[in-house]
Amino acid sequence: MGSPSRIFCGYRALGFNSNHVPLAVRYHQKHKENYVVTCVGKAFHTYNCSKLGIVSVSNSHPDDINCLAVDAYLVFTGCKNVIRAFTRGREVSHTYEGHESNVILLLPFGNHLISVDEDSYVNIWDIQSEELYSSLGFEKEVFAITAAFHPSTYLNKILLGSKQGALQLWNIKTGKLIYSFTGWKQAVTVLEQAPAVDVAAIGLADGQVILHNLKYDETLMKFMQDWGPVTTVAFRTDGSPVMATGSVAGHIALWNLEEKRLLSQMRGAHSGSVTGMKCLPSEPLMVTSSADNSLKVWIFDQPDGGGRLLRQRTGHSAPPSKVRFHGNNGQNILSAGQDSTLRSFSTVHDRHNKSLGRASYNKAETKKTGLKLDQHMMPPITDFDSEISRQSDWDNILACHRGLGEVTTWNYQRSSMGKHRLAHQRLTSKEHGGTVALCVCLTSCGNFGLIGYSSGHVDVYNMQSGLHRGSYGNPTAHDGAVRGVAVDGLNQVTVTAGADFTIKFWKFKQKQLLETLKVEAQVASILLHRESCMLAAACDDFSISIIDIETRKVVRRFEGHTNRVNDMVRVTKQTATNTFSPDSRWLVTASMDALVRTWDLPTGRLLDCFALDAAATSLTMSPTGDFLATTHVDDLGIYLWSNKTLYTHVPLRPLPSDFEPVTMEMPSTSRKSQGAPEEREEDVEYVTSDFKSPAQISDELVTLSLLPNSRWQNLLHLDIIKQRNKPKEPPKVPKSAPFFLPTVPGLEFKFAPADEGIVANKEGSHISKLTETQNLTEFGKLLKMSASNGNTSEVLSKLKELSPAAIDVELRGLAPEAGGSVALMVQFLKFISDVLDSKKDFELAQAYLGLFLKLHGELIANDQQLLEQAQLLGNSQAQAWKHLQTMFNQSLCLVNYLKSATL
């Protein structure tokens, strides 16, 4: 089957760094550098530990990755019941199939790979041949495998930990159980090799960490963390006897193994569970990952032995609620998440990503206590607006928060919260104590910010000073909550929409009401296209109305969504706000029915519709029209969709009334999705296109050549150009060649070969005689040849290659006194007639004909043969011009009609 969408296709996902799958660290022997591999859903990323720069992104899997492991050469992934081995961090080199349930554990073991599935079946694979070497089966009710590792120096041995708490040591070569450990009656969550031989660290579900000697089955020491189950364990190998343990609360504990005590705590290292943790070999560095979508590098240089954050890559730890493109180049996306943060993501490279911080009532106190213990965090941002005008002078982002009447300002260039907290004095009164700010808008000049409240008030603030500059209405602008506010591009008209079934138009400066428009349903949100003065209003009855703010009338109405409309997107060539396509013809909408629809404004028809796995909560389109960005329910990422109409021809016909949308696959972090099914030739839907090439329209229109004007426009003025470019000194006569060197007759000076120009007589005499007396150039020979074969395309191609001066020489050489003949001149007139009849290269034919008549007009008038051919050419030219003039008149009439109809 064809693509679910005719306009959009998946490009890539932004904002992903890690998830719940533990990270893996590998050392590259050639590069002398450590690389960390993290999972991001259907793909995995590879970063260098020196700068945390992204090195590669793997091809996409058909489903989410369950587990991850690495060795010196390959990266192994488990996706459902299939295992894949990747080379160069991107390409699949081996595939292992044999499990009946999802794979949960992977352990590279020399030339073999050990895999464990949910049913506690263990398979041992040969990595190169992909053959199953051996397998072990366990009863899930008795011994459900939760962890596995290979003890150092234990040949062909693996240690398995279970949910029941027991541990077993197996020889994978013989397939025999060597020893069973009774355990500590708690589920084993993690197994890790200690720097000492025969010693393993065992993390339990109750928070215990046990260092156990496997050789003597003896517990060496125990530690207890109070933050729940142990999720990961790591050991420093740079000379410090320190063990680090992670917890589900996001804290990391550091234990001194020599003194058997707690050394330090790294509280709030992550906002989610610490799922992966590795200490780099022989370095005081530790890499951690978490399900909060962050990857961090810590350095142990604190006085108490604790770690300090050295580098990090973070994204939203909670799903983003609103996204908008910022700037005119379409390279930066502002995203407000439910974690109360505001971030900027780059569509070009991840190194340009930045965080504008987390919303806080008191930033100074937040810095002292840290984000984890922050008591001043503000609720998430529900709506924001940004402008690039005056962003270097003062704050250029205005944001309202969930359940708050106070509105915050942000500065994009400083990447921080602004200095203003916009709140009217009435919010402190008992009557309006529970008022909430619902919508905001910035003027195009960046000087004013408008805020709509649940009480019906609409206030205007100065962005530079933060002072209140007036309110709309007396006392309120609407009788219900204000759902939307917008200002036109010239700060002349303000539009407000409320829950009282009205859309009102105000004078921006005088705050006077101009007109009130009644609508059939409550307005949920509005978005204004400032260039065309078209307003899109989404209503609670799931319909969308298009209103012309100049005439203040509803000009279009779109119906089709079956659930609440979440967002509408636009793009203009000057500003990066959100509703219409680059030429203001399209309106793209998303709703809770998990559909994205594209409407055509002039015709009022549905052009495109596709379904998604999760409903889009917000969407925006780049100012250049190349990308559509969406966010989705319970998803941390921002997904980019490419606009196919920019690089290929897409026939946009309205969809039929019985159209059934097809679910489109979400793009992965890799730019090219490998898991997407290929389209077969018989499945491709061929649509008849209205596009015609220049060769196809030659019968309907008259086409021009692609040559620059300088190649033909100055042909009739060459004598003036030569006179102007005449040198001050006469040219020097070149040194003549020896008389005994024969030359080829023609305009170009060439020496003749030894056997050219002379022939022997019949008697064998060596006396030479001339064989050719007519001096024809290459153009003349092609023109003479066209008289016999009728092919004039080569003649025209030759003329296109010549310069104007060379064309002048060639046409002068057609006359009998210059070496040509009357027959050649007649053939040239026939050549011009053929070009006019083909309706191609119209301007070239006119220029060549004008120069020919200027040079040989007197000879044509005195020769009967040339005169007859010139009359035939005149008839062809008259017919071609009549056809061209008719099309000019039709086009001018249509343009005049459209101009008068729009005024």
# chains A, B, ... in the order shown; residues from 1 in each chain; ligands from 1

call {"tool": "residues_around", "arguments": {"residues": "stretch 391-407 of chain A", "least_positions_apart": "5", "cutoff": "6 Å", "atoms": "only C-alpha atoms", "output": "list in words"}}
result
Pro379, Pro380, Ile381, Thr382, Asp383, Phe384, Asp385, Ser386, Gly418, Arg421, Leu422, Ala423, Thr435, Val436, Ala437 and Gln464 of chain A

call {"tool": "write_last_selection", "arguments": {"atoms": "N, CA and C atoms", "output": "compact mmCIF listing (two decimals), in the first residue's frame"}}
result
# COMPACT_ATOMS: atom_id res chain seq x y z
N PRO A 379 4.16 25.38 38.63
CA PRO A 379 3.46 24.38 37.82
C PRO A 379 3.89 24.44 36.36
N PRO A 380 3.59 23.40 35.58
CA PRO A 380 4.01 23.37 34.16
C PRO A 380 3.40 24.50 33.35
N ILE A 381 4.09 24.83 32.26
CA ILE A 381 3.62 25.86 31.33
C ILE A 381 2.52 25.26 30.46
N THR A 382 1.41 25.98 30.36
CA THR A 382 0.28 25.54 29.53
C THR A 382 0.22 26.27 28.20
N ASP A 383 0.70 27.50 28.16
CA ASP A 383 0.68 28.27 26.91
C ASP A 383 1.82 29.28 26.95
N PHE A 384 2.45 29.49 25.80
CA PHE A 384 3.50 30.50 25.71
C PHE A 384 3.51 31.07 24.31
N ASP A 385 4.15 32.23 24.18
CA ASP A 385 4.31 32.88 22.88
C ASP A 385 5.68 33.54 22.87
N SER A 386 6.32 33.55 21.70
CA SER A 386 7.67 34.11 21.58
C SER A 386 7.76 34.97 20.33
N GLY A 418 12.98 35.25 32.88
CA GLY A 418 13.11 36.70 32.89
C GLY A 418 12.95 37.28 34.28
N ARG A 421 7.41 39.08 36.78
CA ARG A 421 6.28 38.21 37.11
C ARG A 421 5.03 39.07 36.97
N LEU A 422 4.30 38.85 35.89
CA LEU A 422 3.18 39.72 35.56
C LEU A 422 1.92 39.24 36.29
N ALA A 423 1.45 40.03 37.19
CA ALA A 423 0.24 39.71 37.96
C ALA A 423 -0.47 41.01 38.33
N THR A 435 -8.37 33.30 40.08
CA THR A 435 -8.28 33.56 38.64
C THR A 435 -7.02 32.92 38.07
N VAL A 436 -7.17 32.32 36.91
CA VAL A 436 -6.07 31.61 36.24
C VAL A 436 -5.82 32.25 34.88
N ALA A 437 -4.55 32.44 34.54
CA ALA A 437 -4.18 32.92 33.21
C ALA A 437 -4.25 31.75 32.23
N GLN A 464 9.23 45.37 28.35
CA GLN A 464 10.50 45.92 28.83
C GLN A 464 10.47 46.23 30.32

call {"tool": "residues_around", "arguments": {"residues": "A:Arg261", "least_positions_apart": "6", "cutoff": "10 Å", "atoms": "only C-alpha atoms", "output": "ChimeraX atom specification"}}
result
/A:222-223,254-255

call {"tool": "write_last_selection", "arguments": {"atoms": "N, CA and C atoms", "output": "mmCIF file, in the first residue's frame"}}
result
data_model
loop_
_atom_site.group_PDB
_atom_site.id
_atom_site.type_symbol
_atom_site.label_atom_id
_atom_site.label_comp_id
_atom_site.auth_asym_id
_atom_site.auth_seq_id
_atom_site.Cartn_x
_atom_site.Cartn_y
_atom_site.Cartn_z
ATOM 1 N N LYS A 222 28.204 -6.288 54.000
ATOM 2 C CA LYS A 222 26.860 -5.915 53.601
ATOM 3 C C LYS A 222 26.672 -4.410 53.765
ATOM 4 N N PHE A 223 25.900 -3.862 52.846
ATOM 5 C CA PHE A 223 25.524 -2.460 52.931
ATOM 6 C C PHE A 223 24.015 -2.363 52.714
ATOM 7 N N LEU A 254 27.733 6.231 47.683
ATOM 8 C CA LEU A 254 29.134 5.864 47.513
ATOM 9 C C LEU A 254 29.628 5.224 48.813
ATOM 10 N N TRP A 255 30.184 4.003 48.699
ATOM 11 C CA TRP A 255 30.580 3.224 49.868
ATOM 12 C C TRP A 255 32.090 3.031 49.850
#

call {"tool": "select_by_dssp", "arguments": {"residues": "stretch 516-558 of chain A", "states": "strand (DSSP E)", "output": "list in words"}}
result
Thr516, Leu517, Lys518, Val523, Ala524, Ser525, Ile526, Leu527, Leu528, His529, Met534, Leu535, Ala536, Ala537, Ala538, Cys539, Ile544, Ser545, Ile546, Ile547, Asp548, Lys553, Val554, Val555, Arg556, Arg557 and Phe558 of chain A

call {"tool": "atom_distance", "arguments": {"atom1": "atom CA of A:His61", "atom2": "atom CA of A:Trp641"}}
result
18.7 Å

call {"tool": "closest_residue", "arguments": {"among": "A:Ala486, A:Cys39, A:Ala524, A:Leu280", "to": "A:Phe501", "atoms": "only C-alpha atoms"}}
result
A:Ala524

call {"tool": "residues_around", "arguments": {"residues": "A:Glu97", "least_positions_apart": "4", "cutoff": "10 Å", "atoms": "only C-alpha atoms", "output": "list of chain:residue names"}}
result
A:Asn81, A:Val82, A:Ile83, A:Arg84, A:Trp125, A:Glu130, A:Glu131, A:Leu132

call {"tool": "write_last_selection", "arguments": {"atoms": "N, CA and C atoms", "output": "short mmCIF file (atom, residue, chain, number, x, y, z; two decimals), in the first residue's frame"}}
result
data_model
loop_
_atom_site.label_atom_id
_atom_site.label_comp_id
_atom_site.auth_asym_id
_atom_site.auth_seq_id
_atom_site.Cartn_x
_atom_site.Cartn_y
_atom_site.Cartn_z
N ASN A 81 11.55 -10.95 20.49
CA ASN A 81 12.26 -12.23 20.62
C ASN A 81 13.39 -12.37 19.62
N VAL A 82 13.85 -11.26 19.04
CA VAL A 82 14.90 -11.29 18.03
C VAL A 82 16.09 -10.49 18.57
N ILE A 83 17.30 -11.03 18.35
CA ILE A 83 18.54 -10.38 18.77
C ILE A 83 19.28 -9.93 17.52
N ARG A 84 19.80 -8.72 17.56
CA ARG A 84 20.55 -8.17 16.42
C ARG A 84 21.91 -7.70 16.89
N TRP A 125 24.70 -18.49 21.80
CA TRP A 125 24.83 -18.37 20.35
C TRP A 125 26.30 -18.22 19.98
N GLU A 130 26.06 -17.38 13.87
CA GLU A 130 24.66 -17.18 14.24
C GLU A 130 23.96 -18.49 14.59
N GLU A 131 24.70 -19.52 14.89
CA GLU A 131 24.13 -20.82 15.24
C GLU A 131 23.91 -20.92 16.74
N LEU A 132 22.91 -21.68 17.12
CA LEU A 132 22.62 -21.92 18.53
C LEU A 132 23.57 -22.98 19.06
#

call {"tool": "residues_around", "arguments": {"residues": "A:Gln492", "least_positions_apart": "6", "cutoff": "8 Å", "atoms": "only C-alpha atoms", "output": "list in words"}}
result
Lys507, Phe508 and Lys509 of chain A

call {"tool": "residues_around", "arguments": {"residues": "A:Val233", "least_positions_apart": "3", "cutoff": "8 Å", "atoms": "only C-alpha atoms", "output": "short mmCIF file (atom, residue, chain, number, x, y, z; two decimals) with N, CA and C atoms, in the first residue's frame"}}
result
data_model
loop_
_atom_site.label_atom_id
_atom_site.label_comp_id
_atom_site.auth_asym_id
_atom_site.auth_seq_id
_atom_site.Cartn_x
_atom_site.Cartn_y
_atom_site.Cartn_z
N VAL A 190 20.61 -7.02 40.59
CA VAL A 190 21.79 -6.70 39.80
C VAL A 190 22.96 -7.55 40.28
N LEU A 191 23.81 -7.97 39.35
CA LEU A 191 25.05 -8.68 39.63
C LEU A 191 26.18 -7.94 38.94
N GLU A 192 27.29 -7.73 39.68
CA GLU A 192 28.41 -6.98 39.12
C GLU A 192 29.71 -7.55 39.66
N ALA A 201 29.38 -8.35 43.51
CA ALA A 201 28.43 -7.47 44.19
C ALA A 201 27.02 -7.87 43.79
N GLY A 203 23.05 -6.94 44.25
CA GLY A 203 22.04 -5.99 44.69
C GLY A 203 20.70 -6.66 44.82
N VAL A 230 17.99 -1.88 44.77
CA VAL A 230 19.24 -1.50 44.12
C VAL A 230 19.07 -1.72 42.61
N MET A 243 32.62 1.83 46.00
CA MET A 243 31.54 1.20 45.26
C MET A 243 30.36 2.16 45.21
N ALA A 244 29.74 2.30 44.04
CA ALA A 244 28.59 3.17 43.85
C ALA A 244 27.36 2.33 43.58
N THR A 245 26.25 2.68 44.21
CA THR A 245 24.99 1.97 44.01
C THR A 245 23.91 2.98 43.66
N GLY A 246 23.03 2.61 42.75
CA GLY A 246 21.92 3.44 42.33
C GLY A 246 20.61 2.94 42.87
N MET A 277 24.78 2.60 35.19
CA MET A 277 25.89 3.29 35.85
C MET A 277 27.16 2.51 35.58
N LYS A 278 28.18 3.19 35.07
CA LYS A 278 29.48 2.57 34.79
C LYS A 278 30.59 3.53 35.16
#

call {"tool": "closest_residue", "arguments": {"among": "A:Val21, A:Ile860, A:Met825, A:Ile638", "to": "A:Cys79", "atoms": "only C-alpha atoms"}}
result
A:Val21

call {"tool": "atom_distance", "arguments": {"atom1": "atom CA of A:Leu855", "atom2": "atom CA of A:Ser786"}}
result
22.2 Å

call {"tool": "residues_around", "arguments": {"residues": "A:Gly175", "least_positions_apart": "2", "cutoff": "12 Å", "atoms": "only C-alpha atoms", "output": "number ranges by chain"}}
result
A: 122-124, 133-137, 156-158, 169-173, 177-178

call {"tool": "residues_around", "arguments": {"residues": "A:Ser162", "least_positions_apart": "6", "cutoff": "10 Å", "atoms": "only C-alpha atoms", "output": "ChimeraX atom specification"}}
result
/A:120,140,142-148,168,183,186-190

call {"tool": "closest_residue", "arguments": {"among": "A:Ala629, A:Ala521, A:Leu442, A:Ala269", "to": "A:Gln331", "atoms": "only C-alpha atoms"}}
result
A:Ala629
